[in-house]
Amino acid sequence: MPDCIHRRRPIDRFGPRRVRRVTLRVGAAALVACTLTAAPAHALLTTSSRVTDLVEKGADTLETIPLRPELGAACLVALALHKAGRPDHPRVAEAVAACKQRVGEAADVAKLDTYSHGLAIVFLAETRPERERALLGQYLTALAARQQPDGGWGYQLTGRGDTSQTQYVALALWEAYRNGVRPDASLSRGMIDWLNGTQDPSGAWGYQGIYSPSKERVQQEGVSDTMSAAGMASLMIGADLHGLLSQAELAREEDLSALELPPSVKRVEEANREVAPLPKEGVDWTRVQQSLEMGDDYIADRPVEPPNVYACYYLYALERYHAFREVRLNQLDPEPKWYEQGVKWLEDSQERPGVWNASCGEACDTAFAVLFLIRSTQKSLQRGIGEGALVSGRGLPKNLAGARLRGGQVVVDVDPVGMADFFALMDAGEAGRLDELASNPTALVLGDVSPEDAERFQQVLRTGQPTARLVAARALGRIASLDSAPTLMYGLTDPDRDVALASRDALRAIARRPAGFGMPDDYNDDQRYAALEQWKRWYLALRPEAILDFGR
């Protein structure tokens with residue numbers, strides 16, 4: 001198990017709660033679904049006062065609490081402060097300086113424990129991906145040299161991988177990859193093979209893996225919920241590194257092989273990836289899927305019962321498992337029992353307000369608690385959401401010069417268009433330019449968006465032509481203001497499927513929920529209106545005084 005590793009007032013990112021009456025006119029086809037008298041839901045969200053109070057007190061603790069000497073402890077505390085909304089606290093800069101010092105002293109970096117090594121990469125990738133890209137590469141190279149012959153990572157003297165250490169390497173590889181530092185494919189292939197080969201017949205994982213080179217699973221030692229969450233999260237990370245995490249990605253791989261494109265269209269990789277997925281060759285994907293299904297059967301619906309030791313460490317692994325599982329299955333439970341149970345345990349187990357001490361020491365356990373409470377992995381996964389999903393189902397653009405295939409859709413590179421120019425194009429009825437703009441979501445440059453600009457986008461979504469409505473829905477998702485949510489809920493009822501899907505993804509971006517409330521790309525009306533009802537409940541949970549009136 002692990003050798004663990006400018007103060008602000010709380011900010012309500014959704015603004016003050018106040019009574020709102022939102023009146024939106026809808027077409028006849030949508031009228032049935034829009035008789036809204038929903039009662040406020042009581043879902044426990046990361047924005048709920050119970051949670052934000054714990055997070056603020058925990059972050060206050062992390063600003064001053066004495067740290068353990070390991071580099072991983074400094075990086076873990078700084079990561080939690082950064083993701084809790086305090087990126088300018090001196091401890092963040094101090095952790096960066098410590099990372100630079102250790103890598104500058106070759107003997108010291110070679111002596112780093114695996115946890116510190118992995119957490120240094122995770123921290124740098126989350127906080128300084130551009131400025132410290134070279135430093136990230138140095139740490140990644142040094143970490144690669146520590147991989148055990150069986151494909152896992154563990155204590156050097158044992159010669160065996162262990163699930164506890166391997167999970168932090170998996171997270172490090174993923175964070176480095178998604179921030180543009182591409183790991184060697186052999187690292188993740190070996191890791192995936194090791195995870196497949198150390199899964200217990202029950203679907204669980206143990207601590208120090210007993211590797212089975214055959215496809216027959218062998219009984220493991222030290223099986224626990226903690227190691228099972230760690231193993232499952234790491235295996236899903238491996239799948240994501242190779243571009244095959246979600247069911248949608250798997251289906252798209254099959255669909256693209258049969259897609260015929262004009263000669264001028266060039267295929268590019270998945271929209272939200274800064275670097276191409278690692279090669280898929282050399283990985284037994286059938287076995288990966290079997291392992292994931294067995295792991296889900298073991299852990300998905302188990303009650304949250306933190307162990308007597310390493311309880312906060314367990315909760316952070318559990319949050320990582322559920323975050324990747326949501327993306328893999330494109331399913332989101334709006335009121336996850338596991339999260340509420342974890343929050344309840346943290347409320348009851350504080351050593352003193354905002355301080356946890358569950359075997360890793362007060363600093364590390366408090367950092368793990370904060371990362372669980374803010375759903376840290378889900379926040380990382382949601383970064384950059386929207387582009388691939390929003391370009392959905394439109395026909396080939398008229399101008400294919402410079403076109404390319406992105407996320408399974410044909411897009412055209414067009415000159416950047418500012419907000420004022422977009423509104424002018426719309427007012428002038430420039431259909432051709434608007435079609436090109438709709439084909440490439442990155443072309444609209446928002447800049448500083450005033451409340452009046454946001455209101456104009458909302459007006460376009462309600463009354464504009466289909467292409468303009470599509471662009472407006474995307475823009476509202478990028479602005480990510482809760483004030484736009486009622487208009488986007490109205491957008492879910494749009495007769496143009498692309499506009500409805502863009503409104504769905506904009507709501508997901510605002511809510512920081514990558515899978516939203518269902519409503520698949522090939523939705524039917526029942527699924528559409530079921531999702532609409534859930535979005536209403538979500539909104540009213542945040543603004544219970546609001547009155548949603550979608551009637552005529």
# chains A, B, ... in the order shown; residues from 1 in each chain; ligands from 1

$ residues_around --residues "A:Ser376" --least-positions-apart "4" --cutoff "10 Å" --atoms "only C-alpha atoms" --output "ChimeraX atom specification"
/A:79-80,83-84,316,319-320,323,368,370-372,380-381

$ select_by_dssp --residues "stretch 175-249 of chain A" --states "strand (DSSP E or B)" --output "compact mmCIF listing (two decimals) with N, CA, C and O atoms, in the first residue's frame"
# COMPACT_ATOMS: atom_id res chain seq x y z
N GLN A 199 -5.97 -10.52 -12.88
CA GLN A 199 -7.35 -10.43 -12.39
C GLN A 199 -7.76 -11.76 -11.76
O GLN A 199 -7.54 -12.83 -12.32
N TRP A 205 -9.19 -7.63 -8.11
CA TRP A 205 -7.74 -7.61 -8.17
C TRP A 205 -7.18 -7.66 -6.76
O TRP A 205 -7.84 -7.22 -5.80
N GLN A 208 -0.31 -7.41 -4.63
CA GLN A 208 0.81 -7.75 -5.49
C GLN A 208 0.37 -8.90 -6.39
O GLN A 208 0.10 -10.01 -5.94
N SER A 224 -9.26 -7.01 -2.68
CA SER A 224 -10.00 -6.01 -1.93
C SER A 224 -10.76 -5.10 -2.89
O SER A 224 -10.46 -5.04 -4.09

$ residues_around --residues "A:Arg50" --least-positions-apart "6" --cutoff "9 Å" --atoms "only C-alpha atoms" --output "ChimeraX atom specification"
/A:44,343,347

$ residues_around --residues "A:Asp60" --least-positions-apart "5" --cutoff "9 Å" --atoms "only C-alpha atoms" --output "short mmCIF file (atom, residue, chain, number, x, y, z; two decimals) with C-alpha atoms, in the first residue's frame"
data_model
loop_
_atom_site.label_atom_id
_atom_site.label_comp_id
_atom_site.auth_asym_id
_atom_site.auth_seq_id
_atom_site.Cartn_x
_atom_site.Cartn_y
_atom_site.Cartn_z
CA ARG A 7 -6.84 31.82 0.47
CA VAL A 55 -14.10 20.95 0.15
CA ILE A 65 -0.80 21.50 7.11
CA LEU A 81 -5.47 22.78 -4.15
CA GLY A 354 -11.62 19.57 7.15
#

$ atom_distance --atom1 "atom CA of A:Tyr177" --atom2 "atom CA of A:Gln290"
25.1 Å

$ closest_residue --among "A:Arg508, A:Lys111, A:His322, A:Arg478" --to "A:Ala233" --atoms "only C-alpha atoms"
A:His322

$ select_by_dssp --residues "stretch 81-306 of chain A" --states "alpha helix (DSSP H)" --output "ChimeraX atom specification"
/A:81-83,90-103,106-110,114-127,133-144,163-178,185-197,225-241,247-257,285-299

$ residues_around --residues "A:Asn308" --least-positions-apart "5" --cutoff "12 Å" --atoms "only C-alpha atoms" --output "ChimeraX atom specification"
/A:224,226,313-314,349,357-360

$ write_last_selection --atoms "C-alpha atoms" --output "mmCIF file, in the first residue's frame"
data_model
loop_
_atom_site.group_PDB
_atom_site.id
_atom_site.type_symbol
_atom_site.label_atom_id
_atom_site.label_comp_id
_atom_site.auth_asym_id
_atom_site.auth_seq_id
_atom_site.Cartn_x
_atom_site.Cartn_y
_atom_site.Cartn_z
ATOM 1 C CA SER A 224 -10.004 -6.006 -1.929
ATOM 2 C CA THR A 226 -9.637 -0.863 -3.102
ATOM 3 C CA TYR A 313 -6.964 6.399 -0.830
ATOM 4 C CA TYR A 314 -9.743 3.878 -1.620
ATOM 5 C CA SER A 349 -14.851 10.465 9.752
ATOM 6 C CA ASN A 357 -6.311 10.826 8.706
ATOM 7 C CA ALA A 358 -6.822 7.303 7.369
ATOM 8 C CA SER A 359 -3.356 5.679 7.232
ATOM 9 C CA CYS A 360 -1.647 7.991 4.704
#

$ residues_around --residues "A:Arg302" --least-positions-apart "3" --cutoff "9 Å" --atoms "only C-alpha atoms" --output "PyMOL selection string"
chain A and resi 225+298-299+305+338

$ residues_around --residues "stretch 522-525 of chain A" --least-positions-apart "5" --cutoff "9 Å" --atoms "only C-alpha atoms" --output "mmCIF file with N, CA, C and O atoms, in the first residue's frame"
data_model
loop_
_atom_site.group_PDB
_atom_site.id
_atom_site.type_symbol
_atom_site.label_atom_id
_atom_site.label_comp_id
_atom_site.auth_asym_id
_atom_site.auth_seq_id
_atom_site.Cartn_x
_atom_site.Cartn_y
_atom_site.Cartn_z
ATOM 1 N N THR A 493 -35.612 20.080 -27.570
ATOM 2 C CA THR A 493 -36.851 19.771 -28.292
ATOM 3 C C THR A 493 -36.797 20.223 -29.743
ATOM 4 O O THR A 493 -37.798 20.118 -30.453
ATOM 5 N N ARG A 497 -32.206 17.449 -35.518
ATOM 6 C CA ARG A 497 -31.524 16.540 -34.582
ATOM 7 C C ARG A 497 -30.148 17.075 -34.187
ATOM 8 O O ARG A 497 -29.710 16.897 -33.056
ATOM 9 N N ALA A 530 -37.412 11.983 -21.798
ATOM 10 C CA ALA A 530 -36.956 11.470 -20.501
ATOM 11 C C ALA A 530 -35.718 12.246 -20.040
ATOM 12 O O ALA A 530 -35.591 12.611 -18.869
#

$ atom_distance --atom1 "atom CA of A:Arg537" --atom2 "atom CA of A:Leu318"
25.9 Å

$ decode --residues "stretch 301-323 of chain A" --atoms "N, CA, C and O atoms" --output "compact mmCIF listing (two decimals), in the first residue's frame"
# COMPACT_ATOMS: atom_id res chain seq x y z
N ASP A 301 -21.92 -2.29 -8.25
CA ASP A 301 -23.05 -2.02 -7.36
C ASP A 301 -22.76 -2.33 -5.90
O ASP A 301 -23.68 -2.39 -5.08
N ARG A 302 -21.49 -2.51 -5.56
CA ARG A 302 -21.16 -2.80 -4.16
C ARG A 302 -21.33 -1.55 -3.31
O ARG A 302 -21.02 -0.43 -3.76
N PRO A 303 -21.83 -1.69 -2.10
CA PRO A 303 -21.93 -0.51 -1.22
C PRO A 303 -20.54 0.01 -0.89
O PRO A 303 -19.56 -0.74 -0.86
N VAL A 304 -20.46 1.29 -0.67
CA VAL A 304 -19.18 1.91 -0.34
C VAL A 304 -18.90 1.66 1.13
O VAL A 304 -19.56 2.20 2.02
N GLU A 305 -17.91 0.84 1.38
CA GLU A 305 -17.51 0.50 2.75
C GLU A 305 -16.01 0.70 2.88
O GLU A 305 -15.22 -0.25 2.71
N PRO A 306 -15.56 1.92 3.11
CA PRO A 306 -14.12 2.18 3.21
C PRO A 306 -13.47 1.26 4.24
O PRO A 306 -14.03 1.02 5.32
N PRO A 307 -12.31 0.72 3.91
CA PRO A 307 -11.63 -0.20 4.83
C PRO A 307 -11.09 0.54 6.05
O PRO A 307 -11.09 1.78 6.10
N ASN A 308 -10.62 -0.21 6.98
CA ASN A 308 -10.08 0.38 8.20
C ASN A 308 -8.76 1.12 7.96
O ASN A 308 -8.37 1.98 8.75
N VAL A 309 -8.07 0.74 6.89
CA VAL A 309 -6.83 1.42 6.53
C VAL A 309 -6.94 1.92 5.10
O VAL A 309 -7.64 1.33 4.28
N TYR A 310 -6.28 3.02 4.81
CA TYR A 310 -6.23 3.59 3.46
C TYR A 310 -7.63 3.91 2.91
O TYR A 310 -7.91 3.71 1.74
N ALA A 311 -8.50 4.40 3.77
CA ALA A 311 -9.88 4.63 3.36
C ALA A 311 -10.00 5.76 2.34
O ALA A 311 -10.74 5.64 1.36
N CYS A 312 -9.31 6.87 2.54
CA CYS A 312 -9.40 7.98 1.59
C CYS A 312 -8.73 7.64 0.27
O CYS A 312 -9.19 8.05 -0.81
N TYR A 313 -7.65 6.91 0.36
CA TYR A 313 -6.96 6.40 -0.83
C TYR A 313 -7.93 5.53 -1.64
O TYR A 313 -7.99 5.61 -2.88
N TYR A 314 -8.72 4.72 -0.96
CA TYR A 314 -9.74 3.88 -1.62
C TYR A 314 -10.79 4.75 -2.31
O TYR A 314 -11.18 4.48 -3.46
N LEU A 315 -11.27 5.80 -1.64
CA LEU A 315 -12.31 6.63 -2.22
C LEU A 315 -11.84 7.31 -3.50
O LEU A 315 -12.60 7.44 -4.47
N TYR A 316 -10.59 7.75 -3.52
CA TYR A 316 -10.06 8.38 -4.74
C TYR A 316 -9.99 7.37 -5.88
O TYR A 316 -10.30 7.70 -7.03
N ALA A 317 -9.60 6.13 -5.59
CA ALA A 317 -9.59 5.09 -6.63
C ALA A 317 -11.00 4.79 -7.11
O ALA A 317 -11.25 4.57 -8.31
N LEU A 318 -11.96 4.78 -6.17
CA LEU A 318 -13.35 4.50 -6.54
C LEU A 318 -13.90 5.59 -7.45
O LEU A 318 -14.61 5.30 -8.42
N GLU A 319 -13.61 6.84 -7.14
CA GLU A 319 -14.06 7.94 -8.00
C GLU A 319 -13.49 7.81 -9.39
O GLU A 319 -14.17 8.04 -10.40
N ARG A 320 -12.24 7.42 -9.50
CA ARG A 320 -11.60 7.24 -10.81
C ARG A 320 -12.27 6.12 -11.59
O ARG A 320 -12.53 6.25 -12.80
N TYR A 321 -12.57 5.04 -10.93
CA TYR A 321 -13.27 3.92 -11.58
C TYR A 321 -14.61 4.37 -12.15
O TYR A 321 -14.93 4.12 -13.32
N HIS A 322 -15.42 5.03 -11.33
CA HIS A 322 -16.75 5.41 -11.78
C HIS A 322 -16.69 6.46 -12.88
O HIS A 322 -17.53 6.47 -13.79
N ALA A 323 -15.71 7.37 -12.83
CA ALA A 323 -15.59 8.39 -13.87
C ALA A 323 -15.31 7.76 -15.23
O ALA A 323 -15.95 8.11 -16.23
